[in-house]
Amino acid sequence: MSRQRARKPGPGPWRRLRRPLLWLALAGVLALAGWLAWLDARITSQFEGRRWDQPAQVFAEPVELYTGLPLRIEPFVELLGAQGYREADGSAPRPGFWWREGNSVRLVTRPFRFPDGEQPALAAQVDFTRAGVGRIRDLEGRELPLLRLDPMRIGSIFPAHGEDRIVLAPDEVPELLEEALIAVEDRRFRSHPGIDPEGIGRALVVNLRAGEVRQGGSTLTQQLVKSYFLDSRQTLGRKVTEAFMAMLLERRFDKDDILTAYVNEVYMGQDGPRAIHGFGLASAFYFGKPLAELDPVEIATLVTIVRGPSYYNPWRHPQRVLERRDLVLSLLAGQGVLEPERAERGAQRPLGLRSADTQATGAGFQPAFLGLVRRQLQQDYRDSDLDSAGLVVLTTMDPLAQRRAQAAVSQGVAELRRRGAATAELQGAAVVTRPATGEVLAVVGGAEAGFDGFNRALDAHRPIGSLVKPAVYLAALESGRYHLASTLQDLPVEVTLENGDTWAPTNFDEQPRGPVSLLRGLAESLNLATVNLGLALGPEVVAAQLAGLSGEPPPPAYPSLLLGSVEYPPLVVAQFYGAIAAGGFRAPLRAVRAVLDPAGQPLSRYPVDIAAVADPAAIVQLQHAMLQVFERGTARSVAGRLAGQAYAGKTGTSGDFRDSWFAGFGRDTLAVAWVGRDDNAPTGLTGAGGALPIWADIMTGLGAQAFVPARADGLVEVEIDYASGLLARSSCADTVFVPVPQGVELYAMRDCAPDAQDLGERGLEWLRRLFRDGP
Amino acid sequence: MVAQVVPGRAVVRPRRRLAAVGLLALAAAGCAPFPVVERPQPEAREPVPAGEPPPEVRTMPAPPAAEPLPRPVPQPAPQALPEVPPSYHPAGEALVEQARREALLGNVAAAGSTLERALRIDGGNPWIWIELGHLRLEAGQAGAAESMARKALSLAMTDPQARQAAERLLALADGGR
């Protein structure tokens, strides 16, 4: 009735406009429906797609403890710390905890799925002596031959857009974290439909009163939606879109799914080019351990950081983070999520972050090593498998070696940079391997740890200079025409090149030495002796030798090859010297041991492989000459820095002092160090002046054992005068004992010849020593 | 998605295969590798074992500083060595045992990775390479097995038993090629 009456007075305009308005409204409704459908499709596909977007997780070599391992208690405890193991606080033993009793460490390992099967959490006691690991027992006192820890997580292979995360399953999200997020960020999360008008109102009041933005009114769902589209623009339109999407998401998925997605998705910080997403990775990034092992105080810290990862960067603004964390703790206590006493006690504690030291060189992100891992995997896997299929990659990285090698390069380069203009922009790189099996233990791509850029260990192709010489001398020794006591002519030589130019190399100090022993030629890196030798053999023979040792194609056989014009990156030098260290067997370098699928089933393995590439007897002689590099040759300057250990190696310096190299090895460990400038300008550094001290720091830092040359059939040991190679006595010459092939004819030094009696005794003494030094 | 990675065949030059025959001949003759005695004349040469490349003799030019006196070099004589049983690392041995059990149960991949763990502990133990070589041989990779036998031989200078085992593996690998 009343409606009809109301219509009457309104005559013309409304009636005329009714039709178009209705059409307009219908079109609006249709457009809105279409837009909502589009939003719905977009948010749904995003949500479902993202749930499975898991970068491959990369793990280091697990630490293996056994009686006699030369690892002392302090570095072991350091290692446990780097791996996120925590000192027990008196609660029941749990995985990831350790406690010390005198010279023993008790610990509970974390369970881990290895390619050879699932290893459960193991509780054990490790007794240390001054030399290293004494014995290992389980907690019932039974002796264990060895104990393998769970491997350290060293990073992941994240997509090119830089988002890195460790994805957690719903049951892996600690209840306390869920409750804390709800208590602090979104109190009505369990009941609201995706947006929370009451929350917005409250935030508005708070912000108006404060005169600044103190509180956000966004629900967790809205924050998740916002994070999905990586757009922080705060326009009204965007807010409206976000609100609709949040409501759509809530209609389709349940609260637990949304909360888990939030925990995995949300932005938690920045590490150079790498964006830290989700609480799983944030836990590793800020505390160096898995989320499941965090205590309430640490969870409160993460809940603080999520509010604004750069504003609440705990390394940059510790006080700000501490204050807000304590506020979070009291909020949790106030809402009954945490007992008030625990909250109060927690508020006394420091943040307890991973130390800045491990941030730089320890458990964190290892881009240089990961670069090698990625390169090896790319031969067999697509990028999309690596950055989103949730694979587990087990590598050969030794966390301690990586840490020590990086520290040695960073410190060594920093010292050299202080020397002057030529070295102010110096860079460095290093590779550490186990030559017998080809396992790469450490890769240092530059002087700045954690820098994910130009990886000099893999990509800086530089002339190797005198590092090439062992290949020249090995070719000579393998020919059977030379031995360590042979005489070489260290005399000027001129070579007419194909283009008509004359090549006239000189020694480092431009002094020819005349006739010298082959041993001295290598130990003192004499250019003229080496070129004369190499020309007599033929550069193509040397090129072939180099190809065999390095596994690379033979370089062009120009005479300049004899002084190292060939360009290799440090990794290839490690392969080349590895074949010498391993007695003439080349083991292709590997950084990846196995790849497992998300369920722990092996997808591929990369087992050890070796190839015989040199004559064992020639290699043994070469190894002796390379020991002399430290005794009497170009590396004697570091003899005092090597903790009394004898190593074998060689210096290398390229033309005009552009590259400074050292490559050398102990019994099980090989290291290559390089320093030079990225613009390839001269540095004024020789191999001994630049790379050698860094190399020495790496070897002593690792506690690398002394090198004991291999033995081979058909060699006998003789005492010769070092300089000339003539048989001599130590009473009247500077003599060394070297192996030579049986049956070669040698000459004795006049007035200093060893007498027959002596020779016989020497032979017997050698025999006795052989057995005393036996393995 | 991805095939198992198969290590490539090792390339071994025929010269060394001859040397291996020589080694076998030496072992068969009971020749010990080390004993050293002095021989009176420089011209006196040991008979060259079959297949061994003859050692080349080179007359050295006299260095100017010192007039050289030709000097014989100690030569080995066929004399039995005292047998010193070598000792290997117990943790490495335990892993070799474990690998043998795994191989027996048919879990070749696990045995392989266990042996690599053993190598990390005691890389100088020739038995680990021998076991690895047998695994490769069973997988049809005779070339890899041969390289591993040679590696074991180079490490077994003081372990006659390991030497024999390595030579058996070498013979099997040669037969499997």
# chains A, B, ... in the order shown; residues from 1 in each chain; ligands from 1
call {"tool": "interface_residues", "arguments": {"of": "chain A", "to": "chain B", "cutoff": "8 Å", "atoms": "only C-alpha atoms", "output": "ChimeraX atom specification"}}
result
/A:66-67,115-116,145-146,380-381,436-437,480-481,486-487,515,583,585,603-613,615-616,668,710-714,716,718,724,726-727,741-750,756,759-760,763-764,767,771,774-775
call {"tool": "write_last_selection", "arguments": {"atoms": "C-alpha atoms", "output": "PDB file, in the first residue's frame"}}
result
ATOM      1  CA  TYR A  66      85.439 -43.074  14.930  1.00  0.00           C
ATOM      2  CA  THR A  67      88.259 -44.004  17.230  1.00  0.00           C
ATOM      3  CA  PRO A 115      70.694 -43.297   0.659  1.00  0.00           C
ATOM      4  CA  ASP A 116      71.664 -46.515   2.442  1.00  0.00           C
ATOM      5  CA  PRO A 145      82.922 -48.665  15.807  1.00  0.00           C
ATOM      6  CA  LEU A 146      81.633 -45.405  14.406  1.00  0.00           C
ATOM      7  CA  ASP A 380      70.916 -34.584 -15.171  1.00  0.00           C
ATOM      8  CA  TYR A 381      68.067 -32.436 -13.877  1.00  0.00           C
ATOM      9  CA  ALA A 436      91.846 -40.363  -3.928  1.00  0.00           C
ATOM     10  CA  THR A 437      88.084 -40.274  -4.424  1.00  0.00           C
ATOM     11  CA  GLY A 480     112.144 -43.600 -19.150  1.00  0.00           C
ATOM     12  CA  ARG A 481     114.890 -41.333 -20.436  1.00  0.00           C
ATOM     13  CA  SER A 486     119.330 -36.711 -14.406  1.00  0.00           C
ATOM     14  CA  THR A 487     121.148 -33.557 -15.449  1.00  0.00           C
ATOM     15  CA  PRO A 515     123.710 -28.023 -15.399  1.00  0.00           C
ATOM     16  CA  GLY A 583      99.419 -41.917  -7.301  1.00  0.00           C
ATOM     17  CA  PHE A 585      94.795 -42.238 -10.648  1.00  0.00           C
ATOM     18  CA  LEU A 603      66.963 -41.001  -7.647  1.00  0.00           C
ATOM     19  CA  SER A 604      70.584 -40.937  -8.684  1.00  0.00           C
ATOM     20  CA  ARG A 605      73.967 -41.629  -7.222  1.00  0.00           C
ATOM     21  CA  TYR A 606      77.353 -40.381  -8.254  1.00  0.00           C
ATOM     22  CA  PRO A 607      79.784 -43.083  -7.153  1.00  0.00           C
ATOM     23  CA  VAL A 608      83.561 -42.841  -7.078  1.00  0.00           C
ATOM     24  CA  ASP A 609      85.279 -43.483 -10.376  1.00  0.00           C
ATOM     25  CA  ILE A 610      88.995 -43.682 -11.078  1.00  0.00           C
ATOM     26  CA  ALA A 611      91.170 -43.997 -14.140  1.00  0.00           C
ATOM     27  CA  ALA A 612      94.875 -44.816 -14.255  1.00  0.00           C
ATOM     28  CA  VAL A 613      96.471 -41.883 -16.090  1.00  0.00           C
ATOM     29  CA  ASP A 615     102.910 -44.594 -14.579  1.00  0.00           C
ATOM     30  CA  PRO A 616     103.054 -45.256 -10.795  1.00  0.00           C
ATOM     31  CA  ASP A 668      94.305 -37.253   2.153  1.00  0.00           C
ATOM     32  CA  ALA A 710     103.480 -43.834  -2.533  1.00  0.00           C
ATOM     33  CA  ARG A 711     105.793 -46.712  -3.362  1.00  0.00           C
ATOM     34  CA  ALA A 712     106.181 -48.470  -6.643  1.00  0.00           C
ATOM     35  CA  ASP A 713     107.873 -51.518  -8.051  1.00  0.00           C
ATOM     36  CA  GLY A 714     111.171 -51.014  -9.740  1.00  0.00           C
ATOM     37  CA  VAL A 716     115.493 -47.926  -5.462  1.00  0.00           C
ATOM     38  CA  VAL A 718     119.828 -43.334  -3.572  1.00  0.00           C
ATOM     39  CA  SER A 724     123.891 -31.698  -9.379  1.00  0.00           C
ATOM     40  CA  LEU A 726     125.565 -36.823  -8.434  1.00  0.00           C
ATOM     41  CA  LEU A 727     125.814 -39.632  -5.901  1.00  0.00           C
ATOM     42  CA  PRO A 741     114.449 -46.642 -11.360  1.00  0.00           C
ATOM     43  CA  GLN A 742     116.576 -49.695 -10.702  1.00  0.00           C
ATOM     44  CA  GLY A 743     119.259 -50.171 -13.276  1.00  0.00           C
ATOM     45  CA  VAL A 744     119.830 -46.548 -14.230  1.00  0.00           C
ATOM     46  CA  GLU A 745     123.412 -45.451 -14.446  1.00  0.00           C
ATOM     47  CA  LEU A 746     124.416 -42.764 -11.995  1.00  0.00           C
ATOM     48  CA  TYR A 747     127.595 -40.785 -11.470  1.00  0.00           C
ATOM     49  CA  ALA A 748     129.338 -40.041  -8.207  1.00  0.00           C
ATOM     50  CA  MET A 749     130.665 -36.730  -7.052  1.00  0.00           C
ATOM     51  CA  ARG A 750     134.441 -36.536  -7.088  1.00  0.00           C
ATOM     52  CA  ALA A 756     130.280 -49.339  -1.324  1.00  0.00           C
ATOM     53  CA  LEU A 759     125.508 -47.898  -0.201  1.00  0.00           C
ATOM     54  CA  GLY A 760     124.703 -51.347   1.044  1.00  0.00           C
ATOM     55  CA  GLY A 763     119.805 -49.919   1.086  1.00  0.00           C
ATOM     56  CA  LEU A 764     119.184 -51.882   4.261  1.00  0.00           C
ATOM     57  CA  LEU A 767     114.338 -51.321   3.782  1.00  0.00           C
ATOM     58  CA  PHE A 771     108.582 -51.341   7.242  1.00  0.00           C
ATOM     59  CA  GLY A 774     104.227 -49.126   6.946  1.00  0.00           C
ATOM     60  CA  PRO A 775     100.540 -48.236   7.057  1.00  0.00           C
TER      61      PRO A 775
END
call {"tool": "select_by_dssp", "arguments": {"residues": "range 428-509 of chain A", "states": "strand (DSSP E or B)", "output": "PyMOL selection string"}}
result
chain A and resi 428-434+439-444+462-463+487-490+495-496+502-503
call {"tool": "closest_residue", "arguments": {"among": "B:Val96, B:Ala118, B:Ala173, B:Arg163", "to": "Leu137 in chain B", "atoms": "only C-alpha atoms"}}
result
B:Ala173
call {"tool": "atom_distance", "arguments": {"atom1": "CA of Gly521 in chain A", "atom2": "CA of Asn507 in chain A"}}
result
10.9 Å
call {"tool": "atom_distance", "arguments": {"atom1": "CA of Leu394 in chain A", "atom2": "CA of Ala131 in chain A"}}
result
29.5 Å
call {"tool": "atom_distance", "arguments": {"atom1": "CA of Gln545 in chain A", "atom2": "CA of Ala471 in chain A"}}
result
6.1 Å
